[in-house]
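**Student:** Next up, start-v3.txt (compact mmCIF, C-alpha atoms and all ligand atoms).
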# COMPACT_ATOMS: atom_id res chain seq x y z
CA MET A 1484 17.59 -31.73 -14.14
CA VAL A 1485 17.58 -31.06 -10.40
CA LEU A 1486 19.51 -33.66 -8.45
CA ASP A 1487 18.35 -34.39 -4.94
CA LEU A 1488 21.47 -34.90 -2.84
CA THR A 1489 19.81 -35.45 0.55
CA SER A 1490 20.75 -39.14 0.67
CA LEU A 1491 24.38 -38.15 0.01
CA ILE A 1492 24.40 -35.39 2.61
CA SER A 1493 22.86 -37.65 5.28
CA GLY A 1494 25.54 -40.25 4.58
CA LYS A 1495 23.00 -42.85 3.52
CA VAL A 1496 24.92 -43.31 0.27
CA ASN A 1497 28.44 -42.26 -0.73
CA SER A 1498 27.78 -41.72 -4.39
CA LEU A 1499 24.85 -40.96 -6.60
CA ASP A 1500 24.71 -41.85 -10.28
CA PHE A 1501 22.52 -39.95 -12.68
CA GLU A 1502 21.71 -40.01 -16.38
CA TYR A 1503 19.35 -37.79 -18.35
CA ASP A 1504 18.80 -35.87 -21.55
CA LEU A 1505 19.51 -32.19 -21.15
CA GLY A 1506 16.53 -29.90 -21.36
CA ASN A 1507 14.03 -32.73 -21.74
CA ASP A 1508 12.31 -31.78 -18.50
CA GLY A 1509 10.87 -28.69 -20.13
CA ASP A 1510 13.12 -26.04 -18.63
CA GLU A 1511 14.69 -23.09 -20.41
CA ASN A 1512 18.21 -24.53 -20.62
CA VAL A 1513 17.88 -25.45 -24.25
CA LEU A 1514 20.97 -25.70 -26.39
CA ILE A 1515 20.93 -23.23 -29.25
CA PRO A 1516 23.46 -24.42 -31.83
CA PRO A 1517 26.05 -22.05 -33.32
CA ASP A 1518 25.68 -20.88 -36.95
CA ASP A 1519 25.78 -23.66 -39.54
CA VAL A 1520 25.47 -26.37 -36.91
CA SER A 1521 22.42 -28.35 -35.95
CA PHE A 1522 22.14 -30.69 -33.03
CA ALA A 1523 20.59 -34.02 -33.92
CA SER A 1524 19.25 -34.34 -30.41
CA THR A 1525 19.81 -32.74 -27.07
CA ALA A 1526 22.88 -33.63 -25.02
CA HIS A 1527 22.91 -36.94 -23.21
CA VAL A 1528 24.33 -36.51 -19.72
CA LYS A 1529 25.75 -39.23 -17.49
CA GLY A 1530 27.63 -38.76 -14.25
CA THR A 1531 28.16 -39.25 -10.54
CA VAL A 1532 28.22 -37.10 -7.43
CA VAL A 1533 30.58 -38.48 -4.78
CA ASN A 1534 30.63 -37.54 -1.12
CA ASN A 1535 34.09 -37.92 0.32
CA ALA A 1536 33.72 -37.16 4.02
CA GLY A 1537 31.73 -34.01 3.35
CA TYR A 1538 33.70 -32.96 0.29
CA MET A 1539 31.42 -33.47 -2.69
CA THR A 1540 32.49 -33.68 -6.28
CA LEU A 1541 30.54 -33.92 -9.49
CA GLU A 1542 31.82 -35.70 -12.56
CA LEU A 1543 29.89 -36.05 -15.76
CA THR A 1544 30.16 -36.64 -19.47
CA ALA A 1545 27.82 -34.94 -21.92
CA GLU A 1546 27.47 -36.24 -25.47
CA LEU A 1547 26.08 -34.08 -28.21
CA CYS A 1548 25.42 -35.28 -31.77
CA TYR A 1549 25.74 -32.60 -34.41
CA THR A 1550 25.63 -32.08 -38.16
CA THR A 1551 27.45 -29.26 -39.91
CA HIS A 1552 29.57 -28.53 -42.98
CA CYS A 1553 33.28 -28.75 -43.70
CA ALA A 1554 34.74 -25.24 -43.40
CA ARG A 1555 36.76 -25.76 -46.60
CA CYS A 1556 34.73 -27.93 -49.01
CA LEU A 1557 31.26 -27.50 -47.47
CA LYS A 1558 30.63 -31.25 -47.42
CA ASP A 1559 28.04 -32.42 -44.86
CA ILE A 1560 29.62 -33.82 -41.77
CA SER A 1561 28.21 -35.23 -38.60
CA GLY A 1562 29.78 -36.36 -35.38
CA LYS A 1563 29.54 -36.57 -31.65
CA PHE A 1564 31.01 -33.94 -29.35
CA ILE A 1565 31.97 -35.22 -25.91
CA LEU A 1566 32.41 -32.89 -22.96
CA LYS A 1567 33.89 -33.85 -19.60
CA PHE A 1568 32.55 -31.66 -16.82
CA ASN A 1569 34.02 -31.86 -13.31
CA ARG A 1570 33.16 -29.56 -10.42
CA THR A 1571 33.29 -29.37 -6.67
CA VAL A 1572 29.84 -29.15 -5.10
CA ALA A 1573 29.55 -26.28 -2.62
CA ASN A 1574 26.67 -25.37 -0.36
CA SER A 1575 24.95 -22.09 -1.19
CA GLY A 1576 26.28 -19.25 0.96
CA THR A 1577 29.59 -20.91 1.82
CA LEU A 1578 31.58 -19.42 -1.07
CA GLN A 1579 32.71 -15.84 -1.47
CA ASP A 1580 32.39 -16.02 -5.21
CA GLU A 1581 29.64 -18.33 -6.41
CA ASP A 1582 30.49 -17.64 -10.05
CA ASN A 1583 33.78 -19.49 -9.63
CA ASP A 1584 34.04 -22.06 -12.41
CA ALA A 1585 35.49 -24.73 -10.14
CA TYR A 1586 32.20 -25.05 -8.24
CA VAL A 1587 28.57 -25.87 -8.68
CA ILE A 1588 26.21 -24.58 -6.02
CA MET A 1589 23.79 -26.75 -4.11
CA LYS A 1590 20.76 -25.17 -2.49
CA ASN A 1591 18.78 -26.93 0.25
CA GLY A 1592 20.19 -30.28 -0.80
CA LYS A 1593 19.27 -29.74 -4.46
CA LEU A 1594 21.72 -29.35 -7.30
CA ASP A 1595 20.82 -27.90 -10.69
CA ILE A 1596 23.75 -27.80 -13.08
CA ASP A 1597 22.01 -27.44 -16.43
CA ARG A 1598 22.60 -23.73 -16.91
CA GLU A 1599 26.33 -24.10 -16.30
CA LEU A 1600 26.47 -27.24 -18.38
CA VAL A 1601 24.80 -25.53 -21.35
CA GLU A 1602 27.26 -22.62 -21.03
CA GLU A 1603 30.23 -24.96 -20.94
CA LEU A 1604 28.97 -27.05 -23.87
CA LEU A 1605 28.58 -24.01 -26.09
CA LEU A 1606 31.91 -22.56 -24.94
CA GLU A 1607 33.85 -25.75 -25.67
CA PHE A 1608 32.00 -26.70 -28.84
CA PRO A 1609 34.42 -26.36 -31.79
CA SER A 1610 33.85 -23.28 -33.94
CA ARG A 1611 35.12 -24.92 -37.12
CA PHE A 1612 35.00 -28.44 -38.54
CA LEU A 1613 36.92 -30.05 -41.39
CA CYS A 1614 35.81 -33.23 -43.20
CA GLU A 1615 39.42 -34.30 -42.83
CA GLU A 1616 42.61 -32.58 -41.75
CA GLU A 1617 43.96 -32.60 -45.33
CA CYS A 1618 40.80 -31.32 -47.03
CA ALA A 1619 41.86 -29.45 -50.18
CA GLY A 1620 38.77 -27.24 -50.21
CA LEU A 1621 37.08 -25.58 -53.16
CA CYS A 1622 38.71 -23.57 -55.94
CA PRO A 1623 37.97 -19.93 -55.12
CA LYS A 1624 37.46 -19.24 -58.85
CA CYS A 1625 35.33 -22.08 -60.24
CA GLY A 1626 34.15 -23.68 -57.03
CA LYS A 1627 35.31 -27.15 -57.96
CA ASP A 1628 35.96 -29.52 -55.06
CA LEU A 1629 39.74 -29.95 -55.27
CA ASN A 1630 39.56 -33.16 -53.24
CA PHE A 1631 38.51 -34.77 -56.55
CA GLY A 1632 41.49 -33.42 -58.48
CA PRO A 1633 42.65 -30.08 -59.84
CA CYS A 1634 40.38 -27.79 -61.84
CA ASP A 1635 41.12 -26.09 -65.17
CA CYS A 1636 41.58 -22.60 -63.79
CA PRO A 1637 44.86 -20.97 -64.83
CA LYS A 1638 47.41 -21.39 -62.08
CA LYS A 1639 49.82 -18.68 -61.02
CA LYS A 1640 52.66 -18.90 -63.50
CA GLU A 1641 56.28 -18.02 -63.04
CA ILE A 1642 56.52 -14.41 -64.05
CA ASP A 1643 58.67 -13.68 -67.08
CA PRO A 1644 61.93 -12.21 -65.67
CA ARG A 1645 61.63 -9.17 -67.93
CA LEU A 1646 58.10 -8.52 -66.66
CA ALA A 1647 59.30 -9.07 -63.11
CA ILE A 1648 61.68 -6.13 -63.47
CA LEU A 1649 58.86 -3.99 -64.77
CA GLN A 1650 56.61 -5.07 -61.95
CA LYS A 1651 59.28 -4.21 -59.43
CA LEU A 1652 59.62 -0.73 -60.92
CA LEU A 1653 55.86 -0.27 -60.70
CA GLU A 1654 55.78 -1.42 -57.09
CA ASN A 1655 58.56 0.99 -56.12
CA ASP A 1656 56.76 3.85 -57.75
ZN ZN B 1 36.30 -30.73 -46.63
ZN ZN B 2 39.07 -23.57 -60.48
What is this structure when it is put down as structure tokens?
**Tutor:**
Amino acid sequence: MVLDLTSLISGKVNSLDFEYDLGNDGDENVLIPPDDVSFASTAHVKGTVVNNAGYMTLELTAELCYTTHCARCLKDISGKFILKFNRTVANSGTLQDEDNDAYVIMKNGKLDIDRELVEELLLEFPSRFLCEEECAGLCPKCGKDLNFGPCDCPKKKEIDPRLAILQKLLEND
């Protein structure tokens, strides 16, 4: 989405609200989900650009619905990832380093933030999800979901003290 900031620059308005769905205007800034994640829809973006006596700031929230699997028990999970994105708006050619993450660059009164927003969304998107903090996961031997109780696989037993001595000798060998 390209925001037209001319009314802000001219002082006609002091703030400009915007709301859109990322990538729905047919540009190339499409969100490619990480492995094992699918996005239920594109990100919904809502924000404001404020002009404070020539100093312009951008503030937005992007919401992204996803489905994925628990990293331990593989159960399906879905949720909403929320990203806060705040930047200072700078005019093209006024910064020494336009790649500075604190800024978004406006050209001829137009501001296009989608490329940076997509980058930030993918950077901040969690790399691992759990169905719950305490998820017990699957038994590595039989694959049973241990959230539903223990499986019948033999557990590590206390080693017989006599065998322990033998084992120690073998290890020192
Ligand atoms: Zn789980
Ligand atoms: Zn098992």
**Student:** Using only C-alpha atoms and all ligand atoms, what are the residues with an atom within 7 Å of ligand ZN 1 (chain B), set out as an mmCIF file with C-alpha atoms, in the coordinates of the input?
**Tutor:**
data_model
loop_
_atom_site.group_PDB
_atom_site.id
_atom_site.type_symbol
_atom_site.label_atom_id
_atom_site.label_comp_id
_atom_site.auth_asym_id
_atom_site.auth_seq_id
_atom_site.Cartn_x
_atom_site.Cartn_y
_atom_site.Cartn_z
ATOM 1 C CA CYS A 1553 33.280 -28.750 -43.700
ATOM 2 C CA ALA A 1554 34.740 -25.240 -43.400
ATOM 3 C CA ARG A 1555 36.760 -25.760 -46.600
ATOM 4 C CA CYS A 1556 34.730 -27.930 -49.010
ATOM 5 C CA LEU A 1557 31.260 -27.500 -47.470
ATOM 6 C CA LYS A 1558 30.630 -31.250 -47.420
ATOM 7 C CA LEU A 1613 36.920 -30.050 -41.390
ATOM 8 C CA CYS A 1614 35.810 -33.230 -43.200
ATOM 9 C CA GLU A 1615 39.420 -34.300 -42.830
ATOM 10 C CA CYS A 1618 40.800 -31.320 -47.030
ATOM 11 C CA ALA A 1619 41.860 -29.450 -50.180
ATOM 12 C CA GLY A 1620 38.770 -27.240 -50.210
#
**Student:** Range 1531-1539 of chain A: which residues within 9 Å, counting only C-alpha atoms, same-chain residues fewer than 3 positions away excluded, as a list in words?
**Tutor:** Leu1488, Leu1491, Ile1492, Gly1494, Val1496, Asn1497, Ser1498, Leu1499, Asp1500, Phe1501, Glu1502, Glu1542, Leu1543, Arg1570, Thr1571, Val1572 and Ala1573 of chain A
**Student:** Collect all residues with atoms no farther than 7 Å from ligand ZN 2 (chain B), counting only C-alpha atoms and all ligand atoms, and output them as an NGL selection string.
**Tutor:** :A and (1622-1627 or 1634-1636)
**Student:** With all atoms listed in the file as the atoms that count, which of A:Gly1632, A:Gly1506, A:Gly1562, A:Gly1530 lies nearest to Met1484 in chain A?
**Tutor:**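 Closest to Met1484 in chain A of all the choices is A:Gly1506.
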**Student:** Name all residues at most 7 Å from range 1592-1600 of chain A (count all atoms listed in the file; drop same-chain ones fewer than 4 positions away) and give them as number ranges by chain.
**Tutor:** A: 1484-1489, 1512, 1587-1588, 1604
**Student:** Have a look at CA of Tyr1586 in chain A and CA of Leu1514 in chain A and let me know their distance in Å, one decimal.
**Tutor:**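 About the pair CA of Tyr1586 in chain A and CA of Leu1514 in chain A: they are 21.4 Å apart.
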**Student:** Residues at most 8 Å from Ser1575 in chain A, counting only C-alpha atoms, excluding those fewer than 2 positions away in the same chain, as a count of residues only?
**Tutor:** 8
**Student:** How many Å lie between CA of Pro1609 in chain A and CA of Ser1561 in chain A, rounded to one decimal?
**Tutor:**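 Spanning CA of Pro1609 in chain A to CA of Ser1561 in chain A is a straight-line distance of 12.8 Å.
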**Student:** Residues at most 8 Å from Tyr1503 in chain A, counting all atoms listed in the file, excluding those fewer than 6 positions away in the same chain, as a ChimeraX atom specification?
**Tutor:** /A:1484,1527-1529
**Student:** When you count only C-alpha atoms, which of these residues is closest to Phe1608 in chain A: A:Ala1523, A:Ile1565, A:Val1513, A:Leu1541?
**Tutor:**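 Closest to Phe1608 in chain A of all the choices is A:Ile1565.
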**Student:** Could you tell me how far CA of Asp1559 in chain A sits from CA of Asp1519 in chain A, in Å to one decimal place?
**Tutor:**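 CA of Asp1559 in chain A lies at a distance of 10.5 Å from CA of Asp1519 in chain A.
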**Student:** Name the closest residue to Tyr1549 in chain A among the candidates A:Leu1505, A:Leu1606, A:Ala1585, A:Ala1526; distances are taken between atoms, counting only C-alpha atoms.
**Tutor:**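 Under the stated criterion, the closest residue is A:Ala1526.
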**Student:** With only C-alpha atoms as the basis for distance, which of A:Thr1550, A:Asp1584, A:Gly1576, A:Glu1617 is at the shortest distance from Glu1602 in chain A?
**Tutor:**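 Ranking A:Thr1550, A:Asp1584, A:Gly1576, A:Glu1617 by distance to Glu1602 in chain A, first place goes to A:Asp1584.
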